[in-house]
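Structure first, then comments.
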Amino acid sequence: MRHCSASSRMFAAGCAATVCCSATCLAQAGEVSVWRELPPPVTFMPREVPPVSQANGNPAVWNLAAEFSRGGSNPAGQWAMGYSLNRFGAFTVSPDWGATLPGAFGWFTASVGFQPTVVQAVSATSFPTLGTGVTLPAGAVGLMPDSLGKFAVVRWTCAESGQYAIDALFTGRSTVEVGNSDIAVLRNGLQLFFSTVRDPRQSVLMQTTFDLTPGETMEFRVGKSNDTNANDLKQLDVVIQRLPRLCPGDINGDGIVNIQDLTTLLGSFGQDVIPSEGGDLNGDGTVNINDLSLLISNLGCTV
Ligand SMILES: [Ca+2]
Ligand SMILES: [Ca+2]
Ligand SMILES: [Ca+2]
């Protein structure tokens with residue numbers, strides 16, 4: 001399926017509007033902002049977002065490859081590596097670490113087998129047993145399903161309420177067209193996004209933005225699809241960024257909505273102004289009761 005001709009424009013604009021153009025773009029329609037296939041070679045470029053205060057101690061950016069646990073703990077931080085019995089099956093954390101593919105270590109569940117596995121290439125790695133030309137760049141994370149229908153899964157769990165920008169890129173790593181893989185993204189166990197990545201070197205990008213609360217999960221899944229289980233390893237890049245909290249009404253930009261902002265607004269009340277300047281909080285070019293209501297509803301808000 002090749003759709004989304006307008007998506008690159010929306011990607012550039014960081015638009016929250018919907019480009020949901022696949023029959024398999026299920027559930028929560030309107031929340032997948034971008035879904036598109038990209039021609040190779042692809043460099044993963046997560047959206048740029050304004051910096052977030054880290055005063056609360058939590059990072060504002062989560063990067064799967066950068067935070068991947070190599071034999072440490074699993075879950076590690078907010079990331080967990082594991083598997084599911086099928087595309088919609090419950091997620092199980094994989095407790096074991098070892099050489100799950102020739103030349104690569106990963107997380108697996110010994111009672112199930114070496115696959116499904118979630119691996120990271122310490123150095124550039126090739127997998128001759130997976131079919132011609134399957135490679136993984138140094139530092140990249142790869143998801144390898146098993147041959148029976150189980151999915152390799154990476155889960156991220158929200159720890160702090162906020163708005164999050166979620167960027168995920170699935171990339172086929174074979175140079176030959178032998179097989180394909182099903183990929184899916186689930187939010188709280190419900191499928192949000194589904195596609196099939198077909199080699200050679202096809203990439204599928206998903207970008208979305210959510211308000212999330214602690215305990216909510218995003219899962220990234222790779223399954224073998226309906227073929228002979230060849231070349232099913234897919235590289236997965238994920239970056240999740242917490243967006244700055246907004247305080248409409250902080251006219252003087254000191255990080256809090258208070259009496260000073262109210263005074264400024266009232267000073268131009270009833271006047272036409274340059275849109276979005278001064279007390280015009282809703283950007284319609286005039287300062288009136290709508291702006292006042294917005295400010296009052298945010299009194300005390302701090303960034
Ligand atoms: Ca396959
Ligand atoms: Ca202020
Ligand atoms: Ca206004």
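Letters for chains follow the order of the structure tokens (A, B, ...), residue numbers begin at 1 for each chain, and ligand numbers begin at 1 in the order shown.
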Please, which residues in chain A fall within 8 Å of ligand 3 when counting only C-alpha atoms and all ligand atoms, and what is the closest atom pair and distance in Å to one decimal for each, ordered by chain then residue number, as a Markdown table?
```
| residue | atom | partner | partner_atom_place_in_ligand_line | distance |
| --- | --- | --- | --- | --- |
| A:Pro275 | CA | ligand 3 | 1 (Ca) | 7.6 |
| A:Ser276 | CA | ligand 3 | 1 (Ca) | 7.4 |
| A:Gly279 | CA | ligand 3 | 1 (Ca) | 7.2 |
| A:Asp280 | CA | ligand 3 | 1 (Ca) | 4.1 |
| A:Leu281 | CA | ligand 3 | 1 (Ca) | 5.5 |
| A:Asn282 | CA | ligand 3 | 1 (Ca) | 4.7 |
| A:Gly283 | CA | ligand 3 | 1 (Ca) | 5.3 |
| A:Asp284 | CA | ligand 3 | 1 (Ca) | 4.7 |
| A:Gly285 | CA | ligand 3 | 1 (Ca) | 5.5 |
| A:Thr286 | CA | ligand 3 | 1 (Ca) | 4.4 |
| A:Val287 | CA | ligand 3 | 1 (Ca) | 4.4 |
| A:Asn288 | CA | ligand 3 | 1 (Ca) | 5.7 |
| A:Ile289 | CA | ligand 3 | 1 (Ca) | 7.9 |
| A:Asn290 | CA | ligand 3 | 1 (Ca) | 6.2 |
| A:Asp291 | CA | ligand 3 | 1 (Ca) | 5.1 |
```
Would you save the residues of that selection, restricted to C-alpha atoms, as a tab-separated table (two decimals), in the first residue's frame?
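Dumped everything to selection_29.tsv:
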```
chain	number	residue	atom	x	y	z
A	275	PRO	CA	-2.71	39.00	16.08
A	276	SER	CA	-1.21	36.94	18.90
A	279	GLY	CA	-3.35	40.12	25.32
A	280	ASP	CA	-4.60	38.48	22.12
A	281	LEU	CA	-4.22	34.91	23.32
A	282	ASN	CA	-6.33	33.26	20.65
A	283	GLY	CA	-4.74	35.13	17.79
A	284	ASP	CA	-7.86	36.67	16.29
A	285	GLY	CA	-6.49	40.19	16.38
A	286	THR	CA	-8.63	41.56	19.15
A	287	VAL	CA	-8.50	41.42	22.93
A	288	ASN	CA	-11.84	40.48	24.37
A	289	ILE	CA	-13.71	38.20	26.71
A	290	ASN	CA	-12.44	35.09	24.91
A	291	ASP	CA	-8.85	35.97	25.70
```
task: Could you report the residues within 6 Å of ligand 2, using only C-alpha atoms and all ligand atoms, as a list in words?
output: Asp250, Ile251, Asn252, Gly253, Asp254, Gly255, Ile256, Val257, Asn258 and Asp261 of chain A
Go ahead and save the picked residues with N, CA and C atoms, as a short mmCIF file (atom, residue, chain, number, x, y, z; two decimals), in the first residue's frame.
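Done, and the output landed in out.cif:
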```cif
data_model
loop_
_atom_site.label_atom_id
_atom_site.label_comp_id
_atom_site.auth_asym_id
_atom_site.auth_seq_id
_atom_site.Cartn_x
_atom_site.Cartn_y
_atom_site.Cartn_z
N ASP A 250 0.47 33.25 29.54
CA ASP A 250 1.74 33.76 30.08
C ASP A 250 2.27 34.82 29.13
N ILE A 251 1.68 35.97 29.21
CA ILE A 251 1.96 37.02 28.24
C ILE A 251 3.39 37.54 28.36
N ASN A 252 3.87 37.69 29.58
CA ASN A 252 5.22 38.25 29.73
C ASN A 252 6.31 37.18 29.73
N GLY A 253 5.93 35.93 29.54
CA GLY A 253 6.92 34.88 29.33
C GLY A 253 7.77 34.53 30.53
N ASP A 254 7.26 34.79 31.73
CA ASP A 254 8.07 34.47 32.91
C ASP A 254 7.77 33.09 33.47
N GLY A 255 6.98 32.32 32.74
CA GLY A 255 6.76 30.94 33.13
C GLY A 255 5.57 30.71 34.03
N ILE A 256 4.82 31.74 34.35
CA ILE A 256 3.63 31.57 35.17
C ILE A 256 2.53 32.53 34.70
N VAL A 257 1.32 32.06 34.79
CA VAL A 257 0.18 32.92 34.45
C VAL A 257 -0.34 33.51 35.76
N ASN A 258 -0.21 34.83 35.89
CA ASN A 258 -0.62 35.44 37.15
C ASN A 258 -1.17 36.85 36.93
N ASP A 261 0.12 39.15 34.10
CA ASP A 261 -0.39 38.88 32.75
C ASP A 261 -1.82 39.42 32.62
#
```
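Considering the residues A:Gly179, A:Pro59, A:Gly172, A:Gly71 and counting only C-alpha atoms, Ser225 (chain A) has its shortest atom-to-atom contact with A:Gly179.
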Nearest residue to ligand 1 from the set A:Pro214, A:Leu246, A:Glu277, A:Gly131 (distances using only C-alpha atoms and all ligand atoms):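 Closest candidate: A:Gly131.
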message: Can you tell me which residues surround Gly103 (chain A) at a distance of at most 8 Å, considering only C-alpha atoms, apart from same-chain residues fewer than 6 positions away, and format the answer as a list in words?
response: Thr125, Ser126 and Phe127 of chain A
Using C-alpha atoms, can you write the selected residues to a file as a PDB file, in the first residue's frame?
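selection-v3.pdb written:
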```pdb
ATOM      1  CA  THR A 125      26.485  -7.029  11.733  1.00  0.00           C
ATOM      2  CA  SER A 126      25.293  -9.307   8.967  1.00  0.00           C
ATOM      3  CA  PHE A 127      23.019 -12.286   9.317  1.00  0.00           C
TER       4      PHE A 127
END
```
- request: Find the residues near ligand 1. Use a cut-off of 6 Å, count only C-alpha atoms and all ligand atoms, and write them as JSON, numbers by chain.
  value: {"A": [179, 180, 181, 224, 225, 227, 228, 229, 230, 232]}
Take the residues from that selection and write them out as a PDB file, in the first residue's frame, keeping N, CA and C atoms.
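Writing done, so here's part_33.pdb:
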```
ATOM      1  N   GLY A 179      11.254 -11.740   1.383  1.00  0.00           N
ATOM      2  CA  GLY A 179      10.145 -11.872   2.314  1.00  0.00           C
ATOM      3  C   GLY A 179       9.680 -10.524   2.814  1.00  0.00           C
ATOM      4  N   ASN A 180       8.715 -10.550   3.695  1.00  0.00           N
ATOM      5  CA  ASN A 180       8.255  -9.304   4.278  1.00  0.00           C
ATOM      6  C   ASN A 180       7.897  -9.523   5.742  1.00  0.00           C
ATOM      7  N   SER A 181       7.611  -8.445   6.406  1.00  0.00           N
ATOM      8  CA  SER A 181       7.280  -8.516   7.826  1.00  0.00           C
ATOM      9  C   SER A 181       6.082  -7.627   8.102  1.00  0.00           C
ATOM     10  N   LYS A 224       6.393 -12.108  11.312  1.00  0.00           N
ATOM     11  CA  LYS A 224       7.002 -12.671  10.090  1.00  0.00           C
ATOM     12  C   LYS A 224       6.188 -12.389   8.835  1.00  0.00           C
ATOM     13  N   SER A 225       4.904 -12.076   8.983  1.00  0.00           N
ATOM     14  CA  SER A 225       3.982 -11.935   7.871  1.00  0.00           C
ATOM     15  C   SER A 225       3.714 -13.296   7.239  1.00  0.00           C
ATOM     16  N   ASP A 227       4.561 -15.441   4.908  1.00  0.00           N
ATOM     17  CA  ASP A 227       5.478 -15.997   3.922  1.00  0.00           C
ATOM     18  C   ASP A 227       6.409 -16.990   4.603  1.00  0.00           C
ATOM     19  N   THR A 228       7.584 -17.154   4.070  1.00  0.00           N
ATOM     20  CA  THR A 228       8.446 -18.232   4.526  1.00  0.00           C
ATOM     21  C   THR A 228       9.427 -17.805   5.602  1.00  0.00           C
ATOM     22  N   ASN A 229       9.135 -16.690   6.261  1.00  0.00           N
ATOM     23  CA  ASN A 229       9.963 -16.270   7.373  1.00  0.00           C
ATOM     24  C   ASN A 229      11.380 -15.936   6.965  1.00  0.00           C
ATOM     25  N   ALA A 230      11.542 -15.380   5.776  1.00  0.00           N
ATOM     26  CA  ALA A 230      12.874 -14.979   5.337  1.00  0.00           C
ATOM     27  C   ALA A 230      13.063 -13.488   5.569  1.00  0.00           C
ATOM     28  N   ASP A 232      13.187 -11.516   7.977  1.00  0.00           N
ATOM     29  CA  ASP A 232      12.158 -10.866   8.770  1.00  0.00           C
ATOM     30  C   ASP A 232      12.693  -9.876   9.787  1.00  0.00           C
TER      31      ASP A 232
END
```
task: Between A:Val197, A:Ala152, A:Leu192, A:Leu236, single out the one closest to Phe91 (chain A), counting only C-alpha atoms.
output: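 Under the stated criterion, the closest residue is A:Ala152.
Closest approach to Phe114 (chain A) among A:Tyr83, A:Phe68, A:Phe220, A:Phe88 is made by A:Tyr83 (distances from only C-alpha atoms).
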- prompt: Leaving out Thr157 (chain A) and any residue of its chain fewer than 3 positions from it, which residues lie within 9 Å of it when counting only C-alpha atoms, given as a list in words?
  reply: Gly77, Gln78, Trp79, Ala80, Pro214, Gly215, Glu216, Thr217, Met218 and Glu219 of chain A
If we count only C-alpha atoms, what is near Phe108 (chain A) at a cut-off of 9 Å, once residues fewer than 5 positions away on the same chain are taken out, given as a PDB file with N, CA and C atoms, in the first residue's frame?
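Writing done, so here's part.pdb:
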```
ATOM      1  N   MET A  81      11.859  -5.087  26.467  1.00  0.00           N
ATOM      2  CA  MET A  81      11.980  -5.910  25.274  1.00  0.00           C
ATOM      3  C   MET A  81      11.303  -7.246  25.522  1.00  0.00           C
ATOM      4  N   GLY A  82      10.557  -7.712  24.526  1.00  0.00           N
ATOM      5  CA  GLY A  82       9.860  -8.975  24.734  1.00  0.00           C
ATOM      6  C   GLY A  82       9.183  -9.464  23.478  1.00  0.00           C
ATOM      7  N   TYR A  83       8.044 -10.117  23.669  1.00  0.00           N
ATOM      8  CA  TYR A  83       7.360 -10.705  22.522  1.00  0.00           C
ATOM      9  C   TYR A  83       5.869 -10.818  22.809  1.00  0.00           C
ATOM     10  N   VAL A  93       7.557  -9.747  28.805  1.00  0.00           N
ATOM     11  CA  VAL A  93       8.956  -9.317  28.875  1.00  0.00           C
ATOM     12  C   VAL A  93       9.862 -10.530  28.723  1.00  0.00           C
ATOM     13  N   SER A  94      10.908 -10.392  27.917  1.00  0.00           N
ATOM     14  CA  SER A  94      11.880 -11.473  27.745  1.00  0.00           C
ATOM     15  C   SER A  94      12.976 -11.350  28.799  1.00  0.00           C
ATOM     16  N   PRO A  95      13.164 -12.373  29.622  1.00  0.00           N
ATOM     17  CA  PRO A  95      14.090 -12.252  30.745  1.00  0.00           C
ATOM     18  C   PRO A  95      15.535 -12.631  30.427  1.00  0.00           C
ATOM     19  N   ASP A  96      15.771 -13.231  29.258  1.00  0.00           N
ATOM     20  CA  ASP A  96      17.094 -13.819  29.003  1.00  0.00           C
ATOM     21  C   ASP A  96      17.871 -13.011  27.978  1.00  0.00           C
ATOM     22  N   TRP A  97      19.169 -13.014  28.155  1.00  0.00           N
ATOM     23  CA  TRP A  97      20.069 -12.263  27.280  1.00  0.00           C
ATOM     24  C   TRP A  97      21.119 -13.217  26.732  1.00  0.00           C
ATOM     25  N   GLY A  98      21.371 -13.165  25.429  1.00  0.00           N
ATOM     26  CA  GLY A  98      22.391 -14.041  24.880  1.00  0.00           C
ATOM     27  C   GLY A  98      22.503 -13.888  23.376  1.00  0.00           C
ATOM     28  N   THR A 100      21.409 -14.538  20.236  1.00  0.00           N
ATOM     29  CA  THR A 100      20.159 -15.034  19.668  1.00  0.00           C
ATOM     30  C   THR A 100      20.192 -15.122  18.156  1.00  0.00           C
ATOM     31  N   GLY A 113      12.401 -19.985  22.923  1.00  0.00           N
ATOM     32  CA  GLY A 113      13.441 -20.175  21.919  1.00  0.00           C
ATOM     33  C   GLY A 113      14.264 -18.917  21.774  1.00  0.00           C
ATOM     34  N   PHE A 114      15.225 -18.964  20.880  1.00  0.00           N
ATOM     35  CA  PHE A 114      16.068 -17.789  20.662  1.00  0.00           C
ATOM     36  C   PHE A 114      15.323 -16.674  19.927  1.00  0.00           C
ATOM     37  N   GLN A 115      14.203 -17.021  19.343  1.00  0.00           N
ATOM     38  CA  GLN A 115      13.365 -16.025  18.694  1.00  0.00           C
ATOM     39  C   GLN A 115      11.925 -16.228  19.164  1.00  0.00           C
ATOM     40  N   PRO A 116      11.162 -15.171  19.293  1.00  0.00           N
ATOM     41  CA  PRO A 116      11.465 -13.781  18.930  1.00  0.00           C
ATOM     42  C   PRO A 116      12.589 -13.207  19.792  1.00  0.00           C
ATOM     43  N   THR A 117      13.298 -12.266  19.184  1.00  0.00           N
ATOM     44  CA  THR A 117      14.365 -11.616  19.919  1.00  0.00           C
ATOM     45  C   THR A 117      14.456 -10.149  19.506  1.00  0.00           C
ATOM     46  N   VAL A 118      14.919  -9.342  20.455  1.00  0.00           N
ATOM     47  CA  VAL A 118      15.188  -7.928  20.191  1.00  0.00           C
ATOM     48  C   VAL A 118      16.680  -7.737  20.418  1.00  0.00           C
ATOM     49  N   VAL A 119      17.395  -7.406  19.348  1.00  0.00           N
ATOM     50  CA  VAL A 119      18.854  -7.362  19.412  1.00  0.00           C
ATOM     51  C   VAL A 119      19.351  -5.944  19.185  1.00  0.00           C
TER      52      VAL A 119
END
```
task: Would you please extract all strand (DSSP E) residues from region 45-278 of chain A, as assigned by DSSP on the backbone, and give them as a PyMOL selection string?
output: chain A and resi 61-63+79-84+92-93+96-101+104-109+113-120+125-126+135-136+141-144+151-157+162-172+180-187+190-198+203-212+217-223+234-242
task: Find the spatial neighbours of Arg201 (chain A), counting only C-alpha atoms, within a cut-off of 10 Å - ignore same-chain residues fewer than 4 positions away - and output them as a PyMOL selection string.
output: chain A and resi 38-42+134+170-177+197+234-235
task: Find the residues near Ala66 (chain A): any atom within 12 Å, counting only C-alpha atoms, skip ones fewer than 2 places away on the same chain, and give them as an NGL selection string.
output: :A and (61-64 or 68-70 or 76-77 or 79 or 120-122 or 138-141 or 237-240)
Could you save those same residues with C-alpha atoms as a PDB file, in the first residue's frame?
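Final file, again09.pdb:
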```
ATOM      1  CA  VAL A  61      13.718  12.437  25.179  1.00  0.00           C
ATOM      2  CA  TRP A  62      13.713   8.655  25.063  1.00  0.00           C
ATOM      3  CA  ASN A  63      15.758   6.998  22.347  1.00  0.00           C
ATOM      4  CA  LEU A  64      15.474   3.234  22.015  1.00  0.00           C
ATOM      5  CA  PHE A  68      19.052  -0.114  24.896  1.00  0.00           C
ATOM      6  CA  SER A  69      20.048  -2.416  27.728  1.00  0.00           C
ATOM      7  CA  ARG A  70      22.774  -4.827  26.684  1.00  0.00           C
ATOM      8  CA  ALA A  76      15.428  -0.952  31.522  1.00  0.00           C
ATOM      9  CA  GLY A  77      14.049   2.419  32.465  1.00  0.00           C
ATOM     10  CA  TRP A  79      11.836   0.436  27.767  1.00  0.00           C
ATOM     11  CA  GLN A 120      21.286  -4.514  19.190  1.00  0.00           C
ATOM     12  CA  ALA A 121      24.293  -4.622  16.899  1.00  0.00           C
ATOM     13  CA  VAL A 122      27.407  -3.685  18.854  1.00  0.00           C
ATOM     14  CA  ALA A 138      26.341  -0.599  14.513  1.00  0.00           C
ATOM     15  CA  GLY A 139      24.176   0.509  17.382  1.00  0.00           C
ATOM     16  CA  ALA A 140      20.930  -0.268  15.614  1.00  0.00           C
ATOM     17  CA  VAL A 141      18.142  -2.227  17.231  1.00  0.00           C
ATOM     18  CA  ASP A 237      14.280   3.363  15.419  1.00  0.00           C
ATOM     19  CA  VAL A 238      12.110   5.036  18.029  1.00  0.00           C
ATOM     20  CA  VAL A 239      12.394   8.457  19.597  1.00  0.00           C
ATOM     21  CA  ILE A 240       9.767   9.673  22.046  1.00  0.00           C
TER      22      ILE A 240
END
```
